[in-house]
file my_file_13.cif (mmCIF, C-alpha atoms)
data_upload
#
loop_
_atom_site.label_atom_id
_atom_site.label_comp_id
_atom_site.auth_asym_id
_atom_site.auth_seq_id
_atom_site.Cartn_x
_atom_site.Cartn_y
_atom_site.Cartn_z
CA MET A 309 72.21 64.55 164.32
CA ILE A 310 75.87 64.19 163.40
CA LYS A 311 78.05 63.32 166.38
CA ASN A 312 81.42 64.11 164.84
CA PRO A 313 81.89 67.68 163.76
CA GLU A 314 84.52 68.80 161.27
CA GLY A 315 88.01 67.95 162.39
CA ARG A 316 88.14 64.18 162.59
CA LYS A 317 89.61 62.46 159.59
CA ARG A 318 87.08 60.62 157.47
CA ILE A 319 87.14 56.95 156.47
CA ALA A 320 85.01 55.71 153.54
CA LEU A 321 84.34 52.07 154.31
CA ASP A 322 83.00 49.72 151.65
CA MET A 323 80.32 47.23 152.69
CA ASP A 324 80.30 44.12 150.44
CA GLU A 325 83.33 41.90 150.98
CA VAL A 326 84.72 44.33 153.57
CA ILE A 327 82.19 44.40 156.43
CA ALA A 328 79.54 42.16 154.79
CA ASP A 329 80.70 38.72 153.73
CA VAL A 330 79.12 38.01 150.35
CA THR A 331 81.07 34.86 149.47
CA PRO A 332 79.06 32.41 151.65
CA LYS A 333 75.85 33.62 150.00
CA PHE A 334 77.27 33.16 146.50
CA LEU A 335 78.54 29.68 147.40
CA GLU A 336 75.12 28.76 148.78
CA LEU A 337 73.43 29.88 145.55
CA TYR A 338 76.03 28.08 143.45
CA ALA A 339 75.45 24.90 145.46
CA ARG A 340 71.69 25.27 145.01
CA ASP A 341 72.01 25.65 141.23
CA PHE A 342 74.82 23.16 140.58
CA GLY A 343 74.36 20.65 143.37
CA GLU A 344 77.80 21.13 144.89
CA VAL A 345 79.92 23.73 146.65
CA PRO A 346 82.99 24.50 144.54
CA PRO A 347 86.25 24.00 146.44
CA LYS A 348 88.16 27.13 147.35
CA GLU A 349 91.02 26.43 144.92
CA VAL A 350 88.48 26.63 142.07
CA TRP A 351 87.05 30.07 142.90
CA TRP A 352 89.98 31.70 144.71
CA GLY A 353 91.30 34.38 142.36
CA LYS A 354 87.94 35.25 140.80
CA LYS A 355 84.31 35.97 141.62
CA ILE A 356 82.01 32.98 142.07
CA TYR A 357 79.90 34.13 139.11
CA GLN A 358 83.00 34.00 136.91
CA LEU A 359 83.07 30.20 137.22
CA PRO A 360 81.95 28.31 134.06
CA ASN A 361 78.21 28.66 133.35
CA ALA A 362 77.70 30.70 136.53
CA GLU A 363 77.23 34.17 134.99
CA HIS A 364 73.57 34.13 136.02
CA ILE A 365 74.58 34.17 139.69
CA ARG A 366 75.42 37.87 139.48
CA GLY A 367 71.75 38.39 138.59
CA TYR A 368 70.76 37.34 142.11
CA LEU A 369 72.15 40.66 143.33
CA HIS A 370 68.96 42.21 141.91
CA GLU A 371 66.69 40.12 144.15
CA GLU A 372 65.14 41.60 147.25
CA GLY A 373 66.64 39.93 150.29
CA PHE A 374 70.03 39.10 148.81
CA PHE A 375 71.81 41.60 151.06
CA ALA A 376 69.45 41.25 154.02
CA ASN A 377 71.15 38.42 155.87
CA LEU A 378 74.80 38.52 154.89
CA PRO A 379 77.16 37.50 157.66
CA VAL A 380 79.38 40.14 159.20
CA MET A 381 83.04 39.95 158.20
CA ASP A 382 85.17 38.44 160.97
CA GLY A 383 86.33 41.01 163.49
CA SER A 384 84.82 43.99 161.67
CA GLN A 385 82.26 45.01 164.30
CA GLU A 386 84.79 45.48 167.09
CA VAL A 387 87.31 47.30 164.92
CA VAL A 388 84.74 49.57 163.26
CA LYS A 389 83.40 50.49 166.72
CA TRP A 390 86.94 51.39 167.74
CA LEU A 391 87.50 53.34 164.52
CA THR A 392 84.39 55.45 165.16
CA GLU A 393 85.98 56.60 168.41
CA HIS A 394 88.84 58.18 166.46
CA TYR A 395 87.54 58.82 162.96
CA ASP A 396 84.42 59.94 161.11
CA VAL A 397 83.46 56.61 159.54
CA PHE A 398 81.08 56.46 156.57
CA ALA A 399 79.81 53.27 154.94
CA VAL A 400 80.06 53.87 151.18
CA THR A 401 78.57 51.19 148.98
CA ALA A 402 77.98 50.85 145.25
CA ALA A 403 74.31 49.95 145.43
CA THR A 404 72.21 52.00 143.03
CA GLU A 405 72.64 49.43 140.23
CA PHE A 406 70.45 47.18 142.37
CA ARG A 407 67.13 48.86 143.23
CA ASN A 408 66.11 46.07 145.60
CA SER A 409 69.35 46.22 147.56
CA LEU A 410 68.90 49.71 148.98
CA ARG A 411 66.56 49.10 151.89
CA ASP A 412 68.23 45.78 152.71
CA LYS A 413 71.61 47.48 152.96
CA LEU A 414 70.28 50.26 155.17
CA ASP A 415 68.57 47.77 157.49
CA TRP A 416 71.66 45.55 157.58
CA LEU A 417 73.89 48.47 158.56
CA ASP A 418 71.45 49.60 161.25
CA ARG A 419 71.40 46.08 162.68
CA TYR A 420 75.11 45.26 162.64
CA PHE A 421 76.82 48.66 162.65
CA PRO A 422 74.61 51.04 164.64
CA CYS A 423 77.76 53.05 165.38
CA ILE A 424 77.65 54.17 161.71
CA GLY A 425 73.90 54.44 161.14
CA TRP A 426 71.87 56.06 158.37
CA GLN A 427 73.52 59.43 158.93
CA ARG A 428 76.78 58.07 157.54
CA LEU A 429 75.55 55.66 154.90
CA VAL A 430 76.20 56.50 151.25
CA LEU A 431 74.44 54.39 148.62
CA CYS A 432 75.89 55.34 145.26
CA GLY A 433 76.92 54.21 141.80
CA ASP A 434 80.31 55.86 141.41
CA LYS A 435 82.58 56.44 144.39
CA ARG A 436 84.60 59.17 142.67
CA ILE A 437 82.22 61.68 144.25
CA VAL A 438 83.33 60.64 147.74
CA GLN A 439 85.66 62.87 149.68
CA ALA A 440 87.55 61.18 152.50
CA ASP A 441 91.00 60.76 153.99
CA TYR A 442 90.96 56.97 153.85
CA MET A 443 89.10 54.43 151.73
CA ILE A 444 88.89 50.72 152.56
CA ASP A 445 87.60 48.79 149.56
CA ASP A 446 87.97 45.44 147.80
CA HIS A 447 87.83 46.94 144.29
CA ALA A 448 90.95 48.44 142.82
CA TRP A 449 88.92 50.70 140.51
CA ASN A 450 87.51 52.55 143.51
CA LEU A 451 90.97 53.13 144.94
CA GLU A 452 92.51 54.16 141.61
CA HIS A 453 90.69 57.50 141.53
CA PHE A 454 90.81 58.08 145.27
CA LYS A 455 92.89 61.06 146.40
CA GLY A 456 93.40 59.93 150.01
CA LYS A 457 95.05 56.81 151.43
CA GLY A 458 93.53 53.65 150.04
CA LEU A 459 93.52 50.20 151.62
CA LEU A 460 92.71 47.19 149.44
CA PHE A 461 90.86 44.61 151.50
CA THR A 462 91.78 41.17 150.24
CA ALA A 463 88.99 39.34 148.43
CA SER A 464 89.10 36.39 146.12
CA HIS A 465 88.76 38.56 143.02
CA ASN A 466 91.59 40.99 143.87
CA ILE A 467 94.46 38.71 144.91
CA HIS A 468 96.41 39.53 141.74
CA GLU A 469 96.14 43.30 142.23
CA THR A 470 99.36 45.04 143.07
CA GLY A 471 100.17 48.66 143.72
CA PHE A 472 97.78 49.12 146.63
CA ASN A 473 98.31 48.99 150.35
CA ARG A 474 96.76 45.61 151.10
CA VAL A 475 95.02 44.45 154.28
CA ASP A 476 93.98 40.81 154.67
CA THR A 477 91.95 40.96 157.87
CA TRP A 478 90.28 43.38 160.26
CA ALA A 479 93.19 42.83 162.64
CA ASP A 480 95.40 44.26 159.88
CA ILE A 481 93.10 47.28 159.61
CA ARG A 482 93.26 47.90 163.35
CA ALA A 483 97.07 47.66 163.25
CA TYR A 484 97.22 50.07 160.30
CA PHE A 485 95.13 52.73 162.04
CA GLU A 486 96.89 52.24 165.38
CA ASN A 487 100.05 53.10 163.52
CA GLU A 488 98.39 56.09 161.82
CA LEU A 489 97.23 57.42 165.19
CA ALA A 490 100.65 56.86 166.74
CA THR A 491 102.35 58.61 163.83
CA ASN A 492 99.94 61.49 163.27
CA GLY A 493 98.36 61.79 166.69
CA GLN A 494 94.64 61.64 167.36
CA SER A 495 92.77 62.75 164.30
CA GLU A 496 90.72 65.31 166.19
CA MET B 273 79.47 52.43 132.48
CA ILE B 274 80.38 56.04 133.21
CA LYS B 275 80.09 58.27 130.16
CA ASN B 276 82.02 61.26 131.46
CA PRO B 277 85.60 60.58 132.38
CA GLU B 278 87.67 62.75 134.70
CA GLY B 279 87.99 66.28 133.46
CA ARG B 280 84.47 67.64 133.38
CA LYS B 281 83.49 69.72 136.35
CA ARG B 282 81.04 68.02 138.68
CA ILE B 283 77.65 69.31 139.83
CA ALA B 284 75.94 67.85 142.91
CA LEU B 285 72.25 68.38 142.31
CA ASP B 286 69.75 68.00 145.13
CA MET B 287 66.45 66.25 144.35
CA ASP B 288 63.65 67.35 146.71
CA GLU B 289 62.52 70.92 146.09
CA VAL B 290 65.12 71.31 143.34
CA ILE B 291 64.20 68.80 140.62
CA ALA B 292 61.32 67.10 142.49
CA ASP B 293 58.50 69.39 143.60
CA VAL B 294 57.50 68.26 147.09
CA THR B 295 55.21 71.16 147.99
CA PRO B 296 52.13 70.00 146.02
CA LYS B 297 52.30 66.64 147.80
CA PHE B 298 52.52 68.26 151.24
CA LEU B 299 49.62 70.57 150.39
CA GLU B 300 47.56 67.60 149.23
CA LEU B 301 48.24 65.76 152.49
CA TYR B 302 47.50 68.88 154.52
CA ALA B 303 44.20 69.29 152.67
CA ARG B 304 43.33 65.64 153.31
CA ASP B 305 44.00 65.97 157.04
CA PHE B 306 42.62 69.47 157.65
CA GLY B 307 39.95 69.77 154.97
CA GLU B 308 41.44 72.79 153.25
CA VAL B 309 44.50 73.85 151.28
CA PRO B 310 46.33 76.59 153.21
CA PRO B 311 46.83 79.74 151.14
CA LYS B 312 50.37 80.47 150.01
CA GLU B 313 50.78 83.50 152.31
CA VAL B 314 50.27 81.15 155.28
CA TRP B 315 53.01 78.64 154.41
CA TRP B 316 55.41 80.78 152.37
CA GLY B 317 58.49 81.25 154.55
CA LYS B 318 58.30 77.86 156.25
CA LYS B 319 57.74 74.16 155.60
CA ILE B 320 54.14 72.96 155.38
CA TYR B 321 54.70 70.71 158.41
CA GLN B 322 55.70 73.76 160.44
CA LEU B 323 52.13 75.05 160.28
CA PRO B 324 50.16 74.74 163.57
CA ASN B 325 49.30 71.11 164.46
CA ALA B 326 50.89 69.84 161.24
CA GLU B 327 54.10 68.31 162.67
CA HIS B 328 52.80 64.82 161.84
CA ILE B 329 52.96 65.63 158.12
CA ARG B 330 56.74 65.23 158.13
CA GLY B 331 56.10 61.63 159.20
CA TYR B 332 54.58 60.88 155.80
CA LEU B 333 58.10 61.06 154.36
CA HIS B 334 58.59 57.61 155.89
CA GLU B 335 55.76 56.06 153.87
CA GLU B 336 56.48 53.99 150.78
CA GLY B 337 55.23 55.84 147.74
CA PHE B 338 55.63 59.38 149.08
CA PHE B 339 58.45 60.14 146.64
CA ALA B 340 57.19 57.92 143.82
CA ASN B 341 54.97 60.39 142.00
CA LEU B 342 56.30 63.84 142.80
CA PRO B 343 55.97 66.29 139.92
CA VAL B 344 59.11 67.45 138.17
CA MET B 345 60.18 71.01 138.98
CA ASP B 346 59.30 73.40 136.15
CA GLY B 347 61.98 73.56 133.49
CA SER B 348 64.40 71.23 135.27
CA GLN B 349 64.37 68.37 132.74
CA GLU B 350 65.49 70.48 129.81
CA VAL B 351 68.16 72.36 131.76
CA VAL B 352 69.54 69.22 133.47
CA LYS B 353 69.78 67.54 130.07
CA TRP B 354 71.73 70.54 128.80
CA LEU B 355 73.94 70.56 131.91
CA THR B 356 74.87 66.90 131.36
CA GLU B 357 76.31 67.89 127.98
CA HIS B 358 78.83 70.15 129.72
CA TYR B 359 79.21 68.84 133.26
CA ASP B 360 79.33 65.60 135.23
CA VAL B 361 75.96 65.85 136.97
CA PHE B 362 75.21 63.78 140.08
CA ALA B 363 71.86 63.69 141.90
CA VAL B 364 72.72 63.86 145.60
CA THR B 365 69.83 63.43 147.99
CA ALA B 366 69.52 63.12 151.76
CA ALA B 367 67.45 59.96 151.81
CA THR B 368 68.82 57.40 154.24
CA GLU B 369 66.70 58.75 157.11
CA PHE B 370 63.73 57.34 155.17
CA ARG B 371 64.18 53.65 154.42
CA ASN B 372 61.09 53.51 152.22
CA SER B 373 62.19 56.44 150.09
CA LEU B 374 65.26 54.81 148.57
CA ARG B 375 63.77 52.68 145.80
CA ASP B 376 61.13 55.32 145.02
CA LYS B 377 63.82 57.94 144.53
CA LEU B 378 65.90 55.69 142.29
CA ASP B 379 62.86 54.81 140.17
CA TRP B 380 61.78 58.45 139.99
CA LEU B 381 65.21 59.55 138.80
CA ASP B 382 65.31 56.77 136.18
CA ARG B 383 61.91 57.82 134.90
CA TYR B 384 62.35 61.61 134.76
CA PHE B 385 66.12 62.09 134.53
CA PRO B 386 67.54 59.15 132.58
CA CYS B 387 70.43 61.43 131.60
CA ILE B 388 71.64 61.09 135.22
CA GLY B 389 70.69 57.48 135.97
CA TRP B 390 71.71 55.17 138.78
CA GLN B 391 75.41 55.59 138.02
CA ARG B 392 75.27 59.16 139.28
CA LEU B 393 72.74 58.88 142.07
CA VAL B 394 73.93 59.36 145.64
CA LEU B 395 71.51 58.49 148.45
CA CYS B 396 73.06 59.68 151.69
CA GLY B 397 72.52 61.16 155.12
CA ASP B 398 75.20 63.83 155.27
CA LYS B 399 76.35 65.67 152.14
CA ARG B 400 79.67 66.73 153.64
CA ILE B 401 81.17 63.61 152.11
CA VAL B 402 80.37 64.85 148.60
CA GLN B 403 83.14 66.24 146.46
CA ALA B 404 82.00 68.47 143.60
CA ASP B 405 82.66 71.81 141.94
CA TYR B 406 79.06 73.02 142.24
CA MET B 407 76.19 72.19 144.54
CA ILE B 408 72.56 73.18 143.87
CA ASP B 409 70.48 72.73 147.01
CA ASP B 410 67.55 74.25 148.87
CA HIS B 411 69.10 73.76 152.33
CA ALA B 412 71.62 76.27 153.57
CA TRP B 413 73.21 73.69 155.90
CA ASN B 414 74.33 71.63 152.90
CA LEU B 415 75.94 74.65 151.26
CA GLU B 416 77.59 75.89 154.47
CA HIS B 417 80.16 73.08 154.51
CA PHE B 418 80.53 72.86 150.76
CA LYS B 419 83.96 73.77 149.41
CA GLY B 420 82.86 74.49 145.81
CA LYS B 421 80.40 77.01 144.43
CA GLY B 422 76.97 76.68 146.04
CA LEU B 423 73.64 77.76 144.59
CA LEU B 424 70.65 78.07 146.92
CA PHE B 425 67.50 77.10 145.05
CA THR B 426 64.62 79.16 146.40
CA ALA B 427 62.09 77.19 148.41
CA SER B 428 59.45 78.35 150.84
CA HIS B 429 61.56 77.45 153.88
CA ASN B 430 64.73 79.29 152.77
CA ILE B 431 63.47 82.70 151.66
CA HIS B 432 65.05 84.41 154.68
CA GLU B 433 68.50 82.88 154.08
CA THR B 434 71.15 85.33 152.99
CA GLY B 435 74.78 84.85 152.15
CA PHE B 436 74.29 82.33 149.38
CA ASN B 437 74.13 82.72 145.64
CA ARG B 438 70.39 82.34 145.12
CA VAL B 439 68.57 80.96 142.07
CA ASP B 440 64.77 81.17 141.87
CA THR B 441 64.07 79.09 138.78
CA TRP B 442 65.68 76.62 136.42
CA ALA B 443 65.99 79.46 133.89
CA ASP B 444 68.21 81.19 136.47
CA ILE B 445 70.32 78.03 136.75
CA ARG B 446 70.74 77.83 132.98
CA ALA B 447 71.76 81.50 132.87
CA TYR B 448 74.26 80.95 135.73
CA PHE B 449 75.99 78.04 133.99
CA GLU B 450 75.93 79.75 130.59
CA ASN B 451 77.87 82.50 132.25
CA GLU B 452 80.25 80.02 133.92
CA LEU B 453 80.93 78.35 130.57
CA ALA B 454 81.43 81.70 128.83
CA THR B 455 83.80 82.85 131.59
CA ASN B 456 85.74 79.64 132.15
CA GLY B 457 85.33 77.94 128.82
CA GLN B 458 83.93 74.46 128.35
CA SER B 459 84.54 72.43 131.45
CA GLU B 460 86.13 69.58 129.54
#

call {"tool": "encode", "arguments": {"input": "my_file_13.cif", "output": "structure tokens"}}
result
Amino acid sequence: MIKNPEGRKRIALDMDEVIADVTPKFLELYARDFGEVPPKEVWWGKKIYQLPNAEHIRGYLHEEGFFANLPVMDGSQEVVKWLTEHYDVFAVTAATEFRNSLRDKLDWLDRYFPCIGWQRLVLCGDKRIVQADYMIDDHAWNLEHFKGKGLLFTASHNIHETGFNRVDTWADIRAYFENELATNGQSE
Amino acid sequence: MIKNPEGRKRIALDMDEVIADVTPKFLELYARDFGEVPPKEVWWGKKIYQLPNAEHIRGYLHEEGFFANLPVMDGSQEVVKWLTEHYDVFAVTAATEFRNSLRDKLDWLDRYFPCIGWQRLVLCGDKRIVQADYMIDDHAWNLEHFKGKGLLFTASHNIHETGFNRVDTWADIRAYFENELATNGQSE
């Protein structure tokens, strides 16, 4: 059932805003409710639902289907496929707050990242229970408690965070792990 | 959001056959399909779907609703409530193989174990990613890789397992942790 036995280093990979691009969906819902797409300079630096009068947009996360059709983050499929050849890659997503997100997230991962699959999907509420060597996440609070090496994936809401090893793109992630492999050798 | 900060010891608590009693449901389905409930001496020592011609019964795990109405394991609610006063208790369940089980399991936990709640639910495929001080589980394979203290909760299919610290009932679990607390002091 599990292809990678003990021995490979483990990566805990966040889904939303790391491999799944949530921003276009939020902008679409904002445009539907307010009649216009806000320009990037207005929402860059925060979450879309932190714009004036837009708090209700976070509520759409509870709707069935919200996570079903999110676009894949640029370049993530190729790099994740490559990562799975060297590491034990788990998708770890904070999802249990949203009961209708669970099946959508599983189906989405199966469709776009079959190299991870249900065997290595973790749907949780609190990532402190996760044990891994690396964590790639857009939320500083997940990296704060993490004992391994954390990578903060740039998202609109985290651009003012400092103190984390930041990656802006999936090309950056590939370069980071190429360097890790060159420095530490193959992980298995 | 999270009541227990760092400091308390963490327990990873399995759901099926530990807090959720799956056997009555399997027996009910067996009786529906074969016209009779098999006597305990026939299935004790294996899983119900390992009885002759009953392999298809495992397939019912894929159906929506299978996990929705499982009875609570005797004594588990009171002891889990007590455990949450001393430990950081997570429900950790292998669920991602069954896409239709996810929401049912979340709803079931909310209904019967609100002291755990979605914040501490982990729906996964492979428990090796879980980091905890204790694990209570009915499957030896989950305890084999676990670095903390494992407790094997007796279930029909595991009665021949040796080499694990076995607990037969929730009263046994309470007694085990009373002893841990008396020996090591309060965990926080």

call {"tool": "interface_residues", "arguments": {"input": "my_file_13.cif", "of": "chain A", "to": "chain B", "cutoff": "12 Å", "atoms": "only C-alpha atoms", "output": "PyMOL selection string"}}
result
chain A and resi 309-314+317-320+372+396-418+424-442+453-455

call {"tool": "calpha_fit_and_write", "arguments": {"input": "my_file_13.cif", "fixed": "chain A", "moving": "chain B", "output": "short mmCIF file (atom, residue, chain, number, x, y, z; two decimals) with C-alpha atoms, in the coordinates of the input"}}
result
data_model
loop_
_atom_site.label_atom_id
_atom_site.label_comp_id
_atom_site.auth_asym_id
_atom_site.auth_seq_id
_atom_site.Cartn_x
_atom_site.Cartn_y
_atom_site.Cartn_z
CA MET B 273 72.19 64.52 164.34
CA ILE B 274 75.85 64.16 163.43
CA LYS B 275 78.03 63.27 166.40
CA ASN B 276 81.41 64.05 164.88
CA PRO B 277 81.89 67.62 163.80
CA GLU B 278 84.49 68.77 161.29
CA GLY B 279 87.99 67.95 162.37
CA ARG B 280 88.13 64.19 162.59
CA LYS B 281 89.61 62.46 159.60
CA ARG B 282 87.07 60.62 157.47
CA ILE B 283 87.12 56.95 156.46
CA ALA B 284 85.01 55.70 153.54
CA LEU B 285 84.34 52.07 154.32
CA ASP B 286 83.01 49.73 151.65
CA MET B 287 80.32 47.22 152.68
CA ASP B 288 80.31 44.13 150.43
CA GLU B 289 83.34 41.91 150.98
CA VAL B 290 84.71 44.34 153.56
CA ILE B 291 82.19 44.40 156.42
CA ALA B 292 79.54 42.18 154.78
CA ASP B 293 80.71 38.72 153.74
CA VAL B 294 79.13 38.01 150.35
CA THR B 295 81.07 34.86 149.47
CA PRO B 296 79.07 32.41 151.65
CA LYS B 297 75.86 33.61 149.99
CA PHE B 298 77.28 33.15 146.48
CA LEU B 299 78.55 29.69 147.40
CA GLU B 300 75.14 28.77 148.78
CA LEU B 301 73.45 29.89 145.57
CA TYR B 302 76.04 28.09 143.46
CA ALA B 303 75.44 24.91 145.47
CA ARG B 304 71.68 25.27 145.02
CA ASP B 305 72.01 25.65 141.25
CA PHE B 306 74.83 23.17 140.58
CA GLY B 307 74.38 20.65 143.39
CA GLU B 308 77.81 21.13 144.91
CA VAL B 309 79.92 23.74 146.67
CA PRO B 310 83.00 24.49 144.54
CA PRO B 311 86.24 24.00 146.45
CA LYS B 312 88.15 27.15 147.36
CA GLU B 313 91.02 26.44 144.93
CA VAL B 314 88.48 26.62 142.08
CA TRP B 315 87.06 30.07 142.90
CA TRP B 316 89.97 31.71 144.72
CA GLY B 317 91.31 34.37 142.36
CA LYS B 318 87.95 35.24 140.80
CA LYS B 319 84.32 35.96 141.62
CA ILE B 320 82.02 32.97 142.08
CA TYR B 321 79.91 34.12 139.12
CA GLN B 322 83.01 33.98 136.92
CA LEU B 323 83.06 30.20 137.23
CA PRO B 324 81.95 28.31 134.06
CA ASN B 325 78.19 28.66 133.36
CA ALA B 326 77.69 30.71 136.53
CA GLU B 327 77.22 34.18 134.99
CA HIS B 328 73.55 34.14 136.02
CA ILE B 329 74.57 34.17 139.70
CA ARG B 330 75.43 37.87 139.50
CA GLY B 331 71.76 38.41 138.60
CA TYR B 332 70.74 37.35 142.10
CA LEU B 333 72.14 40.67 143.34
CA HIS B 334 68.97 42.21 141.92
CA GLU B 335 66.69 40.13 144.15
CA GLU B 336 65.14 41.61 147.27
CA GLY B 337 66.64 39.94 150.30
CA PHE B 338 70.04 39.10 148.81
CA PHE B 339 71.81 41.60 151.06
CA ALA B 340 69.45 41.26 154.03
CA ASN B 341 71.15 38.42 155.87
CA LEU B 342 74.80 38.50 154.87
CA PRO B 343 77.16 37.50 157.67
CA VAL B 344 79.38 40.14 159.20
CA MET B 345 83.04 39.95 158.19
CA ASP B 346 85.16 38.44 160.97
CA GLY B 347 86.33 41.02 163.48
CA SER B 348 84.83 44.00 161.66
CA GLN B 349 82.26 45.01 164.29
CA GLU B 350 84.78 45.49 167.08
CA VAL B 351 87.32 47.31 164.91
CA VAL B 352 84.72 49.58 163.25
CA LYS B 353 83.40 50.49 166.70
CA TRP B 354 86.94 51.39 167.74
CA LEU B 355 87.51 53.35 164.52
CA THR B 356 84.39 55.45 165.16
CA GLU B 357 85.98 56.62 168.41
CA HIS B 358 88.84 58.18 166.45
CA TYR B 359 87.54 58.83 162.95
CA ASP B 360 84.42 59.94 161.10
CA VAL B 361 83.46 56.61 159.54
CA PHE B 362 81.09 56.47 156.56
CA ALA B 363 79.81 53.27 154.93
CA VAL B 364 80.05 53.88 151.18
CA THR B 365 78.57 51.20 148.97
CA ALA B 366 77.97 50.86 145.24
CA ALA B 367 74.31 49.95 145.42
CA THR B 368 72.21 51.99 143.02
CA GLU B 369 72.63 49.44 140.22
CA PHE B 370 70.44 47.18 142.37
CA ARG B 371 67.14 48.85 143.24
CA ASN B 372 66.12 46.07 145.61
CA SER B 373 69.36 46.22 147.56
CA LEU B 374 68.91 49.71 148.97
CA ARG B 375 66.56 49.12 151.90
CA ASP B 376 68.23 45.79 152.72
CA LYS B 377 71.61 47.48 152.96
CA LEU B 378 70.29 50.27 155.17
CA ASP B 379 68.58 47.77 157.48
CA TRP B 380 71.67 45.56 157.58
CA LEU B 381 73.89 48.48 158.54
CA ASP B 382 71.44 49.59 161.25
CA ARG B 383 71.39 46.09 162.68
CA TYR B 384 75.12 45.26 162.65
CA PHE B 385 76.82 48.67 162.65
CA PRO B 386 74.61 51.05 164.63
CA CYS B 387 77.76 53.06 165.37
CA ILE B 388 77.64 54.17 161.70
CA GLY B 389 73.89 54.44 161.14
CA TRP B 390 71.89 56.06 158.37
CA GLN B 391 73.54 59.44 158.91
CA ARG B 392 76.79 58.08 157.53
CA LEU B 393 75.55 55.68 154.89
CA VAL B 394 76.20 56.50 151.25
CA LEU B 395 74.43 54.40 148.61
CA CYS B 396 75.89 55.34 145.25
CA GLY B 397 76.92 54.21 141.80
CA ASP B 398 80.31 55.85 141.40
CA LYS B 399 82.59 56.45 144.39
CA ARG B 400 84.60 59.17 142.67
CA ILE B 401 82.23 61.68 144.24
CA VAL B 402 83.33 60.65 147.73
CA GLN B 403 85.66 62.89 149.66
CA ALA B 404 87.55 61.19 152.49
CA ASP B 405 91.00 60.77 153.99
CA TYR B 406 90.95 56.97 153.84
CA MET B 407 89.10 54.44 151.73
CA ILE B 408 88.88 50.72 152.56
CA ASP B 409 87.61 48.78 149.56
CA ASP B 410 87.98 45.45 147.80
CA HIS B 411 87.84 46.94 144.28
CA ALA B 412 90.96 48.44 142.81
CA TRP B 413 88.93 50.70 140.50
CA ASN B 414 87.51 52.55 143.51
CA LEU B 415 90.98 53.14 144.94
CA GLU B 416 92.51 54.16 141.60
CA HIS B 417 90.70 57.51 141.53
CA PHE B 418 90.82 58.07 145.26
CA LYS B 419 92.87 61.06 146.39
CA GLY B 420 93.39 59.93 150.01
CA LYS B 421 95.03 56.83 151.43
CA GLY B 422 93.51 53.64 150.02
CA LEU B 423 93.52 50.20 151.61
CA LEU B 424 92.70 47.19 149.43
CA PHE B 425 90.86 44.61 151.51
CA THR B 426 91.78 41.16 150.24
CA ALA B 427 88.99 39.34 148.44
CA SER B 428 89.09 36.38 146.12
CA HIS B 429 88.76 38.55 143.01
CA ASN B 430 91.60 40.97 143.87
CA ILE B 431 94.46 38.70 144.92
CA HIS B 432 96.43 39.51 141.75
CA GLU B 433 96.15 43.29 142.22
CA THR B 434 99.39 45.03 143.07
CA GLY B 435 100.17 48.64 143.73
CA PHE B 436 97.78 49.12 146.62
CA ASN B 437 98.30 48.98 150.34
CA ARG B 438 96.74 45.60 151.08
CA VAL B 439 95.01 44.46 154.27
CA ASP B 440 93.97 40.81 154.67
CA THR B 441 91.95 40.96 157.87
CA TRP B 442 90.28 43.38 160.23
CA ALA B 443 93.19 42.84 162.63
CA ASP B 444 95.41 44.26 159.87
CA ILE B 445 93.11 47.28 159.60
CA ARG B 446 93.26 47.89 163.35
CA ALA B 447 97.06 47.65 163.26
CA TYR B 448 97.21 50.07 160.29
CA PHE B 449 95.12 52.73 162.04
CA GLU B 450 96.90 52.24 165.37
CA ASN B 451 100.04 53.10 163.51
CA GLU B 452 98.39 56.10 161.81
CA LEU B 453 97.22 57.42 165.18
CA ALA B 454 100.64 56.86 166.76
CA THR B 455 102.35 58.61 163.83
CA ASN B 456 99.93 61.47 163.29
CA GLY B 457 98.37 61.78 166.70
CA GLN B 458 94.65 61.62 167.38
CA SER B 459 92.77 62.75 164.33
CA GLU B 460 90.71 65.26 166.26
#

call {"tool": "atom_distance", "arguments": {"input": "my_file_13.cif", "atom1": "CA of Glu433 (chain B)", "atom2": "CA of Phe298 (chain B)"}}
result
21.8 Å

call {"tool": "atom_distance", "arguments": {"input": "my_file_13.cif", "atom1": "CA of Glu486 (chain A)", "atom2": "CA of His468 (chain A)"}}
result
26.8 Å

call {"tool": "residues_around", "arguments": {"input": "my_file_13.cif", "residues": "Tyr368 (chain A)", "least_positions_apart": "6", "cutoff": "12 Å", "atoms": "all atoms listed in the file", "output": "list in words"}}
result
Val330, Lys333, Phe334, Glu336, Leu337, Tyr338, Asp341, Tyr357, Ala362, Phe374, Phe375, Phe406, Asn408 and Ser409 of chain A

call {"tool": "atom_distance", "arguments": {"input": "my_file_13.cif", "atom1": "CA of Glu363 (chain A)", "atom2": "CA of Leu321 (chain A)"}}
result
27.3 Å

call {"tool": "closest_residue", "arguments": {"input": "my_file_13.cif", "among": "B:Asp409, B:Leu415, B:Pro324, B:Phe306", "to": "Gly435 (chain B)", "atoms": "only C-alpha atoms"}}
result
B:Leu415

call {"tool": "resolve_selection", "arguments": {"input": "my_file_13.cif", "expression": "the PyMOL selection byres ((chain B and resi 436-447) around 6)", "output": "mmCIF file with C-alpha atoms, keeping the file's coordinate frame"}}
result
data_model
loop_
_atom_site.group_PDB
_atom_site.id
_atom_site.type_symbol
_atom_site.label_atom_id
_atom_site.label_comp_id
_atom_site.auth_asym_id
_atom_site.auth_seq_id
_atom_site.Cartn_x
_atom_site.Cartn_y
_atom_site.Cartn_z
ATOM 1 C CA GLY B 347 61.980 73.560 133.490
ATOM 2 C CA SER B 348 64.400 71.230 135.270
ATOM 3 C CA LEU B 423 73.640 77.760 144.590
ATOM 4 C CA LEU B 424 70.650 78.070 146.920
ATOM 5 C CA PHE B 425 67.500 77.100 145.050
ATOM 6 C CA THR B 426 64.620 79.160 146.400
ATOM 7 C CA THR B 434 71.150 85.330 152.990
ATOM 8 C CA GLY B 435 74.780 84.850 152.150
ATOM 9 C CA TYR B 448 74.260 80.950 135.730
ATOM 10 C CA PHE B 449 75.990 78.040 133.990
ATOM 11 C CA GLU B 450 75.930 79.750 130.590
#
